[in-house]
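Have a look at data-v2.cif; it's mmCIF, C-alpha atoms and all ligand atoms:
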```cif
data_entry
#
loop_
_atom_site.label_atom_id
_atom_site.label_comp_id
_atom_site.auth_asym_id
_atom_site.auth_seq_id
_atom_site.Cartn_x
_atom_site.Cartn_y
_atom_site.Cartn_z
CA MET L 1 -130.25 33.31 77.93
CA ARG L 2 -133.54 31.94 79.18
CA ARG L 3 -133.87 31.86 82.93
CA MET L 4 -134.61 28.65 84.79
CA ASN L 5 -138.19 28.56 86.04
CA SER L 6 -137.10 28.57 89.69
CA ASP L 7 -135.05 31.79 89.33
CA LYS L 8 -137.74 33.76 87.61
CA ARG L 9 -139.65 36.51 89.27
CA GLN L 10 -143.34 35.72 89.54
CA LEU L 11 -145.71 38.19 87.89
CA PRO L 12 -148.29 38.08 90.72
CA ALA L 13 -145.61 39.32 93.14
CA MET L 14 -144.28 42.20 91.06
CA LYS L 15 -144.74 45.85 91.92
CA LEU L 16 -145.21 48.57 89.34
CA ASP L 17 -141.73 50.07 89.72
CA GLU L 18 -140.08 46.65 89.36
CA LEU L 19 -142.01 45.92 86.21
CA GLN L 20 -141.27 49.38 84.85
CA ALA L 21 -137.57 48.82 85.42
CA LEU L 22 -137.79 45.45 83.72
CA VAL L 23 -139.66 46.65 80.63
CA ALA L 24 -137.14 49.50 80.35
CA THR L 25 -134.34 46.93 80.05
CA TRP L 26 -136.33 45.48 77.14
CA LYS L 27 -136.43 48.95 75.50
CA GLN L 28 -140.16 49.13 75.97
CA PRO L 29 -142.00 52.30 77.09
CA LYS L 30 -142.85 52.60 80.76
CA PHE L 31 -146.63 52.56 80.23
CA ARG L 32 -146.42 48.94 79.12
CA ALA L 33 -145.77 47.97 82.73
CA ARG L 34 -149.07 49.52 83.78
CA GLN L 35 -150.89 47.71 80.97
CA ILE L 36 -149.44 44.40 82.09
CA LEU L 37 -150.40 45.06 85.71
CA ASP L 38 -153.94 46.00 84.67
CA TRP L 39 -154.31 42.54 83.16
CA ARG L 40 -152.64 40.89 86.12
CA ASN L 41 -154.88 42.67 88.60
CA LYS L 42 -157.91 41.26 86.77
CA GLY L 43 -156.47 37.79 87.13
CA VAL L 44 -155.29 37.52 83.51
CA LEU L 45 -151.81 36.05 83.85
CA SER L 46 -151.15 34.44 80.49
CA PRO L 47 -149.25 36.91 78.25
CA ASP L 48 -151.13 35.48 75.26
CA ALA L 49 -154.36 36.86 76.69
CA MET L 50 -152.93 40.39 77.16
CA LYS L 51 -154.44 41.76 74.01
CA ASN L 52 -153.00 45.29 73.93
CA ILE L 53 -149.33 44.36 74.12
CA SER L 54 -147.09 43.36 71.24
CA SER L 55 -146.15 39.80 70.48
CA ASP L 56 -142.50 40.67 71.19
CA LEU L 57 -143.35 41.84 74.66
CA ARG L 58 -145.52 38.79 75.28
CA GLN L 59 -142.60 36.60 74.35
CA LYS L 60 -140.27 38.53 76.67
CA LEU L 61 -142.70 38.05 79.52
CA LYS L 62 -142.90 34.34 78.84
CA ASP L 63 -139.12 33.99 78.68
CA GLU L 64 -138.10 36.21 81.58
CA ILE L 65 -140.89 35.99 84.15
CA CYS L 66 -142.93 33.19 85.63
CA CYS L 67 -146.36 34.56 84.76
CA GLU L 68 -148.49 31.66 85.98
CA PRO L 69 -147.06 30.13 89.17
CA LEU L 70 -150.17 28.00 89.70
CA LYS L 71 -152.01 25.59 87.49
CA LEU L 72 -155.69 25.04 88.17
CA ILE L 73 -156.27 21.32 88.61
CA ARG L 74 -159.84 21.19 89.78
CA ARG L 75 -162.71 23.35 90.93
CA GLU L 76 -165.57 22.07 93.05
CA CYS L 77 -168.75 23.99 93.71
CA SER L 78 -170.82 23.57 96.87
CA VAL L 79 -174.59 23.82 96.97
CA ASP L 80 -174.15 26.96 99.12
CA GLY L 81 -172.09 28.74 96.42
CA THR L 82 -168.70 28.03 98.05
CA ARG L 83 -166.04 27.12 95.49
CA LYS L 84 -162.97 25.07 96.29
CA TYR L 85 -159.98 25.26 93.99
CA VAL L 86 -157.10 22.82 93.83
CA PHE L 87 -153.93 24.26 92.33
CA ALA L 88 -150.58 22.67 91.53
CA LEU L 89 -147.37 24.63 91.99
CA THR L 90 -145.30 24.94 88.83
CA ARG L 91 -141.82 26.04 89.96
CA MET L 92 -138.95 23.61 89.97
CA ARG L 93 -138.46 21.52 93.10
CA ALA L 94 -142.10 22.06 94.09
CA ALA L 95 -143.78 21.32 90.76
CA GLY L 96 -146.91 19.25 91.13
CA LYS L 97 -147.40 19.90 94.84
CA MET L 98 -151.02 20.76 95.51
CA ILE L 99 -152.68 23.48 97.51
CA GLU L 100 -156.29 24.45 98.03
CA SER L 101 -158.08 27.77 98.21
CA VAL L 102 -161.73 28.50 98.86
CA PHE L 103 -164.10 31.29 97.83
CA ILE L 104 -166.93 31.88 100.28
CA PRO L 105 -169.69 34.11 98.93
CA GLU L 106 -172.18 35.88 101.15
CA GLU L 107 -174.79 38.48 100.37
CA LYS L 108 -172.53 41.44 101.07
CA ARG L 109 -169.02 40.08 100.90
CA GLY L 110 -166.85 37.59 99.10
CA THR L 111 -164.04 36.01 101.09
CA VAL L 112 -161.06 34.15 99.69
CA CYS L 113 -159.43 31.68 102.06
CA ILE L 114 -155.83 31.17 100.96
CA SER L 115 -153.10 28.67 101.70
CA SER L 116 -149.65 29.75 102.81
CA GLN L 117 -147.84 26.38 102.85
CA VAL L 118 -148.17 22.92 101.38
CA GLY L 119 -149.06 20.94 104.49
CA CYS L 120 -148.13 22.12 107.97
CA VAL L 121 -145.50 21.16 110.49
CA PHE L 122 -147.55 21.76 113.63
CA ASP L 123 -149.62 18.64 113.81
CA CYS L 124 -152.77 19.81 115.60
CA PRO L 125 -154.52 16.45 115.96
CA PHE L 126 -157.96 17.63 114.80
CA CYS L 127 -156.70 19.21 111.57
CA HIS L 128 -156.56 17.45 108.24
CA THR L 129 -153.75 19.65 106.92
CA GLY L 130 -151.69 18.76 109.99
CA THR L 131 -151.89 15.05 109.15
CA GLN L 132 -150.17 15.74 105.83
CA GLY L 133 -146.93 16.98 107.42
CA PHE L 134 -144.96 19.88 106.03
CA GLU L 135 -144.01 19.86 102.36
CA ALA L 136 -143.18 23.38 101.19
CA ASN L 137 -143.50 27.10 101.85
CA LEU L 138 -145.39 29.05 99.23
CA THR L 139 -143.78 32.11 97.66
CA ALA L 140 -145.54 35.47 97.83
CA GLY L 141 -146.35 35.06 94.13
CA GLU L 142 -148.05 31.72 94.76
CA ILE L 143 -150.07 33.19 97.61
CA ILE L 144 -151.29 36.11 95.48
CA ALA L 145 -151.83 33.88 92.43
CA GLN L 146 -154.58 32.06 94.35
CA VAL L 147 -156.52 35.31 94.71
CA LEU L 148 -155.92 36.26 91.07
CA ALA L 149 -157.01 32.87 89.72
CA ILE L 150 -160.21 33.05 91.75
CA LYS L 151 -160.82 36.59 90.54
CA ALA L 152 -160.57 35.45 86.94
CA ASP L 153 -162.85 32.48 87.59
CA LEU L 154 -165.51 34.64 89.25
CA HIS L 155 -165.38 37.02 86.31
CA ALA L 156 -165.77 34.18 83.82
CA GLU L 157 -168.51 32.49 85.83
CA PRO L 158 -170.19 34.76 88.37
CA LEU L 159 -172.33 33.39 91.16
CA PRO L 160 -176.11 33.81 91.24
CA ASP L 161 -177.23 37.40 91.86
CA GLU L 162 -177.99 36.99 95.55
CA LEU L 163 -174.36 36.12 96.27
CA HIS L 164 -171.30 38.35 96.01
CA SER L 165 -169.02 37.55 93.09
CA ASP L 166 -166.31 40.07 94.04
CA ILE L 167 -163.42 39.47 96.35
CA THR L 168 -163.79 41.83 99.29
CA HIS L 169 -161.97 39.95 102.08
CA ILE L 170 -158.92 37.72 102.36
CA VAL L 171 -158.31 35.23 105.16
CA TYR L 172 -155.09 33.26 105.64
CA MET L 173 -156.96 30.22 106.90
CA GLY L 174 -156.28 27.64 104.22
CA MET L 175 -153.49 25.10 104.32
CA GLY L 176 -150.47 25.86 106.44
CA GLU L 177 -149.37 28.07 109.29
CA PRO L 178 -148.91 31.57 107.82
CA MET L 179 -146.61 32.74 110.60
CA ALA L 180 -144.23 29.84 109.89
CA ASN L 181 -143.77 31.25 106.37
CA GLU L 182 -143.31 34.74 107.63
CA ASP L 183 -141.33 36.46 104.88
CA ALA L 184 -143.54 35.32 102.02
CA VAL L 185 -146.72 35.99 103.98
CA LEU L 186 -145.65 39.50 104.98
CA SER L 187 -144.65 40.26 101.44
CA SER L 188 -147.97 38.88 100.14
CA ILE L 189 -149.88 41.14 102.54
CA GLY L 190 -147.92 44.12 101.21
CA LEU L 191 -148.88 43.08 97.68
CA LEU L 192 -152.56 42.63 98.53
CA MET L 193 -152.56 46.15 99.98
CA ASP L 194 -150.52 47.67 97.13
CA LYS L 195 -152.40 50.59 95.53
CA ASP L 196 -151.16 49.54 92.08
CA GLY L 197 -152.07 45.95 92.84
CA LEU L 198 -155.23 44.57 94.39
CA ASN L 199 -155.55 47.53 96.76
CA ILE L 200 -157.24 45.61 99.58
CA SER L 201 -157.43 47.39 102.92
CA ARG L 202 -155.70 45.78 105.89
CA ARG L 203 -159.07 45.85 107.65
CA ARG L 204 -160.21 43.24 105.15
CA ILE L 205 -157.27 40.92 105.62
CA THR L 206 -157.13 38.35 108.43
CA VAL L 207 -154.21 36.16 109.40
CA SER L 208 -155.10 33.07 111.39
CA THR L 209 -152.31 31.55 113.44
CA SER L 210 -151.88 28.86 116.03
CA GLY L 211 -149.84 31.37 118.06
CA LEU L 212 -146.23 31.90 116.95
CA ILE L 213 -145.51 34.82 119.22
CA PRO L 214 -142.40 36.55 117.82
CA GLN L 215 -143.91 36.40 114.35
CA ILE L 216 -147.24 37.84 115.54
CA GLN L 217 -145.33 40.70 117.15
CA ARG L 218 -143.51 41.43 113.90
CA LEU L 219 -146.75 41.17 111.90
CA GLY L 220 -148.38 43.72 114.21
CA ALA L 221 -145.43 46.07 113.81
CA VAL L 222 -145.37 45.90 110.00
CA TYR L 223 -148.97 45.24 108.91
CA PRO L 224 -151.44 45.26 111.79
CA VAL L 225 -154.05 43.23 109.92
CA ASN L 226 -156.88 41.41 111.66
CA LEU L 227 -155.65 38.62 113.83
CA ALA L 228 -157.36 35.29 114.48
CA ILE L 229 -155.83 32.90 116.99
CA SER L 230 -156.45 29.15 117.00
CA LEU L 231 -157.06 28.95 120.72
CA HIS L 232 -159.12 25.75 121.08
CA SER L 233 -158.45 25.53 124.81
CA ALA L 234 -157.68 28.01 127.58
CA ILE L 235 -156.17 25.24 129.74
CA ASP L 236 -152.45 24.74 129.10
CA ASP L 237 -152.52 20.96 129.53
CA LYS L 238 -155.27 20.55 126.97
CA ARG L 239 -153.88 23.15 124.59
CA ASP L 240 -150.50 21.40 124.68
CA THR L 241 -152.26 18.47 123.00
CA LEU L 242 -154.71 20.27 120.76
CA VAL L 243 -152.37 23.01 119.56
CA PRO L 244 -148.86 21.62 120.16
CA ILE L 245 -147.14 25.00 119.62
CA ASN L 246 -148.54 25.79 123.10
CA ARG L 247 -145.67 23.76 124.55
CA LYS L 248 -143.36 26.46 123.25
CA TYR L 249 -145.63 29.51 123.59
CA SER L 250 -147.93 29.03 126.56
CA LEU L 251 -151.25 30.70 127.21
CA GLN L 252 -149.58 33.22 129.49
CA ALA L 253 -147.17 34.28 126.76
CA LEU L 254 -150.05 34.37 124.27
CA ARG L 255 -152.04 36.57 126.65
CA ALA L 256 -149.23 39.14 126.80
CA CYS L 257 -148.82 39.04 123.03
CA LEU L 258 -152.54 39.62 122.40
CA ASN L 259 -152.64 42.49 124.88
CA ALA L 260 -149.87 44.20 122.95
CA TYR L 261 -151.28 43.61 119.44
CA SER L 262 -152.46 46.84 117.89
CA ILE L 263 -156.12 46.89 116.86
CA GLY L 264 -157.96 49.92 115.55
CA LYS L 265 -161.22 51.32 116.83
CA GLN L 266 -164.26 49.06 116.38
CA ARG L 267 -162.00 46.13 115.71
CA HIS L 268 -161.22 43.00 117.67
CA ILE L 269 -159.05 39.92 117.78
CA THR L 270 -160.83 36.66 117.02
CA LEU L 271 -160.22 33.62 119.19
CA GLU L 272 -161.09 30.51 117.22
CA TYR L 273 -162.38 27.61 119.23
CA VAL L 274 -163.36 24.35 117.56
CA LEU L 275 -165.70 22.47 119.87
CA LEU L 276 -164.71 18.82 120.35
CA ASP L 277 -167.06 16.50 122.16
CA GLN L 278 -165.91 15.63 125.72
CA THR L 279 -162.55 17.24 125.01
CA ASN L 280 -162.71 21.02 125.28
CA ASP L 281 -166.46 21.56 125.74
CA GLN L 282 -166.81 20.84 129.47
CA ASP L 283 -167.61 23.19 132.38
CA GLU L 284 -163.94 23.62 133.26
CA ASP L 285 -163.25 24.59 129.64
CA VAL L 286 -165.85 27.31 129.47
CA GLN L 287 -164.75 28.65 132.86
CA ALA L 288 -161.12 28.78 131.76
CA LEU L 289 -162.13 30.48 128.52
CA ILE L 290 -164.12 33.11 130.41
CA ARG L 291 -161.04 33.83 132.52
CA PHE L 292 -158.79 34.03 129.47
CA VAL L 293 -160.79 36.30 127.16
CA ASN L 294 -160.50 40.06 127.30
CA PRO L 295 -164.04 41.01 126.20
CA GLU L 296 -163.02 44.58 125.40
CA ARG L 297 -160.71 43.49 122.60
CA GLU L 298 -161.55 39.93 121.72
CA ARG L 299 -164.43 37.84 120.54
CA VAL L 300 -164.80 34.11 120.40
CA ASN L 301 -165.64 32.29 117.22
CA LEU L 302 -166.96 28.84 118.02
CA ILE L 303 -166.29 26.49 115.14
CA GLN L 304 -168.13 23.32 114.41
CA PHE L 305 -165.66 20.47 114.07
CA ASN L 306 -165.41 19.37 110.47
CA PRO L 307 -164.66 15.69 110.28
CA TYR L 308 -162.45 14.15 107.62
CA PRO L 309 -161.74 10.52 106.88
CA GLY L 310 -159.99 8.99 109.92
CA SER L 311 -160.36 12.06 112.16
CA PRO L 312 -159.93 11.07 115.81
CA TYR L 313 -162.48 13.51 117.28
CA ALA L 314 -166.21 14.07 117.19
CA GLY L 315 -167.77 17.51 117.21
CA THR L 316 -169.88 18.85 120.07
CA SER L 317 -173.59 18.65 119.32
CA LYS L 318 -175.31 21.77 117.96
CA GLN L 319 -177.34 22.01 121.15
CA ASN L 320 -174.24 21.94 123.37
CA MET L 321 -172.52 24.46 121.13
CA LYS L 322 -175.41 26.83 121.80
CA VAL L 323 -175.16 26.25 125.54
CA PHE L 324 -171.40 26.91 125.41
CA ALA L 325 -171.98 30.13 123.45
CA GLN L 326 -174.67 31.26 125.89
CA TRP L 327 -172.32 30.82 128.82
CA LEU L 328 -169.82 33.15 127.19
CA ILE L 329 -172.48 35.66 126.17
CA SER L 330 -173.88 35.72 129.72
CA LYS L 331 -170.43 36.88 130.86
CA GLY L 332 -170.34 39.72 128.37
CA ILE L 333 -168.14 37.93 125.83
CA ARG L 334 -169.05 38.27 122.19
CA ALA L 335 -169.33 34.75 120.87
CA THR L 336 -170.54 33.59 117.50
CA VAL L 337 -171.01 30.14 116.09
CA ARG L 338 -169.36 29.90 112.69
CA ARG L 339 -171.60 28.53 110.04
CA SER L 340 -169.80 25.75 108.24
CA ARG L 341 -169.49 26.49 104.54
CA GLY L 342 -168.69 24.14 101.73
CA ASP L 343 -168.46 21.03 103.88
CA ASP L 344 -170.15 18.97 101.16
CA ILE L 345 -166.99 19.50 99.08
CA MET L 346 -164.51 19.21 102.01
CA ALA L 347 -163.81 22.93 101.77
CA ALA L 348 -164.65 23.76 105.37
CA CYS L 349 -162.09 24.79 108.00
CA GLY L 350 -159.48 22.17 108.66
CA GLN L 351 -160.68 19.88 105.90
CA LEU L 352 -158.14 21.08 103.38
CA LYS L 353 -155.52 18.57 102.48
CA ALA L 354 -154.16 18.31 99.01
CA ASP L 355 -155.17 15.05 97.49
CA THR L 356 -151.80 14.09 96.11
CA LYS L 357 -153.39 11.25 94.22
CA ALA L 358 -155.43 13.75 92.23
CA ASP L 359 -155.13 13.31 88.51
CA SER L 360 -152.82 16.14 87.54
CA ASN L 361 -153.87 15.82 83.92
CA ALA L 362 -157.44 16.60 84.84
CA ASP L 363 -157.17 20.26 84.23
CA THR L 364 -160.82 20.74 83.63
CA LYS L 365 -163.02 22.80 85.87
CA GLY L 366 -165.58 20.77 87.73
N1 LIG L 401 -152.53 27.35 110.71
C1 LIG L 401 -153.43 28.40 110.94
C2 LIG L 401 -154.41 28.65 109.81
C3 LIG L 401 -155.01 27.46 109.11
S1 LIG L 401 -156.19 26.54 110.00
C4 LIG L 401 -154.15 28.20 112.26
O1 LIG L 401 -154.04 27.13 112.83
O2 LIG L 401 -154.80 29.14 112.69
C5 LIG L 401 -157.63 27.57 109.99
C6 LIG L 401 -158.59 27.30 111.13
O3 LIG L 401 -159.24 26.03 110.97
C7 LIG L 401 -157.89 27.25 112.49
O4 LIG L 401 -158.61 27.91 113.48
C8 LIG L 401 -157.88 25.76 112.75
O5 LIG L 401 -157.68 25.50 114.09
C9 LIG L 401 -159.23 25.35 112.21
N2 LIG L 401 -159.39 23.91 112.02
C10 LIG L 401 -158.41 23.01 111.75
N3 LIG L 401 -158.95 21.77 111.62
C11 LIG L 401 -160.27 21.89 111.81
C12 LIG L 401 -161.36 20.96 111.77
N4 LIG L 401 -161.17 19.68 111.48
N5 LIG L 401 -162.61 21.44 111.99
C13 LIG L 401 -162.80 22.75 112.22
N6 LIG L 401 -161.84 23.67 112.25
C14 LIG L 401 -160.57 23.25 112.06
FE1 LIG L 402 -151.24 23.65 111.08
FE2 LIG L 402 -153.23 25.35 111.68
FE3 LIG L 402 -153.75 22.77 111.06
FE4 LIG L 402 -152.55 23.36 113.39
S1 LIG L 402 -154.64 23.96 112.74
S2 LIG L 402 -151.96 21.71 111.96
S3 LIG L 402 -151.27 25.10 112.79
S4 LIG L 402 -152.89 24.30 109.69
#
```
Show me, as structure tokens, the structure contained in the file I just sent.
Amino acid sequence: MRRMNSDKRQLPAMKLDELQALVATWKQPKFRARQILDWRNKGVLSPDAMKNISSDLRQKLKDEICCEPLKLIRRECSVDGTRKYVFALTRMRAAGKMIESVFIPEEKRGTVCISSQVGCVFDCPFCHTGTQGFEANLTAGEIIAQVLAIKADLHAEPLPDELHSDITHIVYMGMGEPMANEDAVLSSIGLLMDKDGLNISRRRITVSTSGLIPQIQRLGAVYPVNLAISLHSAIDDKRDTLVPINRKYSLQALRACLNAYSIGKQRHITLEYVLLDQTNDQDEDVQALIRFVNPERERVNLIQFNPYPGSPYAGTSKQNMKVFAQWLISKGIRATVRRSRGDDIMAACGQLKADTKADSNADTKG
């Protein structure tokens, strides 16, 4: 009997032993599982494209497993090489819901920014995703499928030589709050690190969170990957508005959680701080931030506000951002100003929001 799409295991989330057990039930030799994973790890998910396996096995895969949990709807390329991908989910009950992922090439690294949810429940007032509300949690397979689809695209169409066309780093900074989809996100991290899978070191994986403390503690205990915290204010009153989860997990609780998070040598926790004009960029804000940061273990990443249609804030001027950074640096705090990438295609931080009006038939690459 054919399985319903929603019950099927998703190929991007399968481990070698699981696939071996499955192919054994189909009376196929064990090595077939490795062949299938070799294709999968290159981003080839359609059984029809797996050239060295029999047509019977291809059919079994199509019937029994969900091989392609995402459908590419659109790809947009920025003048700086950044590529934004819009995918639709395919499983029942979530079919047609859109997510976005971004590839950010630099000279020596290629970073994929992945989504963990459709929308987000937390409602930070400066974030485009937040305005969409929460729609669905992604499965581990859908999280990994973003990386695989981008891998395949980069292979088919590499970037110019001066930019990296390989995926070296993964950041959970796309749509959604990863720590609010804890099980799938933890399992996706395990899959990214899997030696028979993409084999990405935990040092190259970063989870960005608005500060869900129990979940951060569990993340640190299971997979102590790099941690980035959406801080945005070190004053409780202001953070209550800018990052509403602060009403539940205050700065004091966050402080204790960060102190306990395990980081290896030469590593640090990133505190993300989007600078909003006349809101969190004043003297009292920088003073509070200086008091909050532990310079031994943390660095501050100042982010230029990325506007979106209807956004209620304005960004701090470039000049004032520099002054703010200098204040921190003069107190021995490592502070960097994040260069905005892909903002011409609305692929920059906080600009991701699935355009639900997108033409889902337009399955061409842009
Ligand atoms: N939910 C997670 C991860 C997704 S948001 C989190 O909040 O950390 C990724 C980063 O983009 C966060 O630091 C977020 O605060 C920031 N961000 C959101 N909206 C933004 C905007 N309009 N301009 C700049 N950065 C923004
Ligand atoms: Fe959600 Fe993060 Fe956006 Fe806040 S900043 S609404 S937690 S995605």
Contact check, chain L to ligand LIG 401 (chain L), at most 7 Å, counting only C-alpha atoms and all ligand atoms, closest pairs as CSV:
```
residue,atom,partner,partner_atom,distance
L:Phe126,CA,L:LIG401,N4,5.1
L:Cys127,CA,L:LIG401,N3,3.4
L:His128,CA,L:LIG401,N3,6.0
L:Tyr172,CA,L:LIG401,C2,6.3
L:Met173,CA,L:LIG401,C3,4.0
L:Gly174,CA,L:LIG401,C3,5.1
L:Met175,CA,L:LIG401,C3,5.6
L:Gly176,CA,L:LIG401,N1,5.0
L:Glu177,CA,L:LIG401,N1,3.5
L:Pro178,CA,L:LIG401,N1,6.3
L:Ser208,CA,L:LIG401,O2,4.2
L:Thr209,CA,L:LIG401,O2,3.5
L:Ser210,CA,L:LIG401,O1,4.2
L:Ala228,CA,L:LIG401,O2,6.9
L:Ile229,CA,L:LIG401,O2,5.8
L:Ser230,CA,L:LIG401,O4,4.3
L:Glu272,CA,L:LIG401,O4,5.2
L:Tyr273,CA,L:LIG401,O4,6.9
L:Val274,CA,L:LIG401,N6,5.6
L:Ile303,CA,L:LIG401,C13,5.9
L:Gln304,CA,L:LIG401,C13,5.8
L:Phe305,CA,L:LIG401,N5,3.8
L:Asn306,CA,L:LIG401,N5,3.8
L:Pro307,CA,L:LIG401,N4,5.4
L:Tyr308,CA,L:LIG401,N4,6.9
L:Cys349,CA,L:LIG401,O3,4.3
L:Gly350,CA,L:LIG401,N3,3.0
L:Gln351,CA,L:LIG401,N4,5.6
```
- Message: Under the rule that all atoms listed in the file are counted, which of L:Met179, L:Leu271, L:Cys257, L:Ile104 is the nearest residue to L:Arg339?
- Response: L:Ile104
Produce the centre coordinates and the three edge lengths, each in Å to one decimal, of the box along x, y and z that contains all listed atoms of ligand LIG 402 (chain L) with 6 Å added on each side, as AutoDock Vina command-line options.
```
--center_x -152.9 --center_y 23.5 --center_z 111.5 --size_x 15.4 --size_y 15.6 --size_z 15.7
```
- Task: Pick out the closest residue to L:Tyr85 from this set: L:Leu22, L:Val293, L:Met98, L:Leu302. Count only C-alpha atoms.
- Result: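 Among the listed residues, the smallest separation from L:Tyr85 belongs to L:Met98.
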- Message: Counting only C-alpha atoms, which residue out of L:Glu68, L:Glu76, L:Asp196, L:Asp38 sits closest to L:Gly342?
- Response: L:Glu76
Residues of stretch 34-123 of chain L that approach stretch 129-153 of chain L to 8 Å or less, counting all atoms listed in the file: could you list each one with the shortest pair of atoms and its distance in Å to one decimal, rows by chain and increasing residue number, as CSV?
```
residue,atom,partner,partner_atom,distance
L:Arg40,CA,L:Leu148,CA,7.5
L:Asn41,CA,L:Leu148,CA,6.9
L:Lys42,CA,L:Ala152,CA,6.4
L:Gly43,CA,L:Leu148,CA,4.3
L:Val44,CA,L:Ala152,CA,6.6
L:Glu68,CA,L:Ala145,CA,7.6
L:Pro69,CA,L:Glu142,CA,5.9
L:Leu70,CA,L:Glu142,CA,6.6
L:Leu89,CA,L:Glu142,CA,7.6
L:Ala94,CA,L:Ala136,CA,7.3
L:Ser101,CA,L:Gln146,CA,6.7
L:Phe103,CA,L:Ile150,CA,7.4
L:Val112,CA,L:Val147,CA,6.8
L:Ile114,CA,L:Gln146,CA,6.8
L:Ser115,CA,L:Ile143,CA,6.8
L:Ser116,CA,L:Leu138,CA,5.6
L:Gln117,CA,L:Asn137,CA,4.5
L:Val118,CA,L:Ala136,CA,5.0
L:Gly119,CA,L:Phe134,CA,4.5
L:Cys120,CA,L:Phe134,CA,4.3
L:Val121,CA,L:Phe134,CA,4.7
L:Phe122,CA,L:Gly130,CA,6.3
L:Asp123,CA,L:Gly130,CA,4.3
```
- Task: Could you tell me which of L:Thr206, L:Thr90, L:Asn246, L:Asn226 comes closest to ligand LIG 402 (chain L) if we count all atoms listed in the file?
- Result: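 Result for the nearest residue to ligand LIG 402 (chain L): L:Asn246.
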- Message: Between L:Asp63, L:Val286, L:Ala156, L:Leu37, which residue has the minimum interatomic distance to L:Gln20, considering all atoms listed in the file?
- Response: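 Checking each of L:Asp63, L:Val286, L:Ala156, L:Leu37 against L:Gln20, counting all atoms listed in the file, the winner is L:Leu37.
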- Message: Restricting the calculation to only C-alpha atoms: of L:Met50, L:Ala234, L:Ile65, L:Val185, which residue gets closest to L:Glu18?
- Response: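 Closest to L:Glu18 of all the choices is L:Ile65.
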- Dig up all the protein and nucleic acid residues within 8 Å of (-154.7, 24.1, 88.0) in the file frame, using all atoms listed in the file, and format them as a list in words.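 Residues with an atom close enough to that point: Leu70, Lys71, Leu72, Ile73, Arg74, Val86, Phe87, Ala88 and Asp363 of chain L.
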- Message: One decimal, in Å: what's the spacing between atom CA of L:Phe31 and atom CA of L:Ser201?
- Response: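 These atoms are spaced 25.7 Å apart.
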Take the point (-139.9, 32.7, 85.2) in the file's coordinates, draw a sphere of radius 6 Å around it, and report as a short mmCIF file (atom, residue, chain, number, x, y, z; two decimals) with C-alpha atoms, in the frame of the given file every protein, DNA or RNA residue with an atom inside or on it, counting only C-alpha atoms.
```cif
data_model
loop_
_atom_site.label_atom_id
_atom_site.label_comp_id
_atom_site.auth_asym_id
_atom_site.auth_seq_id
_atom_site.Cartn_x
_atom_site.Cartn_y
_atom_site.Cartn_z
CA ASN L 5 -138.19 28.56 86.04
CA LYS L 8 -137.74 33.76 87.61
CA ARG L 9 -139.65 36.51 89.27
CA GLU L 64 -138.10 36.21 81.58
CA ILE L 65 -140.89 35.99 84.15
CA CYS L 66 -142.93 33.19 85.63
#
```
- To one decimal in Å, tell me the separation between atom CA of L:Gln35 and atom CA of L:Val102. 28.4 Å
- Message: Just want the 10 Å neighbourhood of L:Ile205, counted on only C-alpha atoms, with same-chain residues fewer than 6 positions away dropped. Output as a ChimeraX atom specification.
- Response: /L:111-112,168-172,189,192-193,223-227
- Message: Please compute the atom CA of L:Gln287-atom CA of L:Gly220 distance, one decimal, in Å.
- Response: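 About the pair atom CA of L:Gln287 and atom CA of L:Gly220: they are 29.0 Å apart.
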- Message: as a ChimeraX atom specification, please: the residues near L:Ser250 (cut-off 9 Å, only C-alpha atoms, same-chain neighbours under 4 positions excluded).
- Response: /L:236,239-240,245-246,254-255
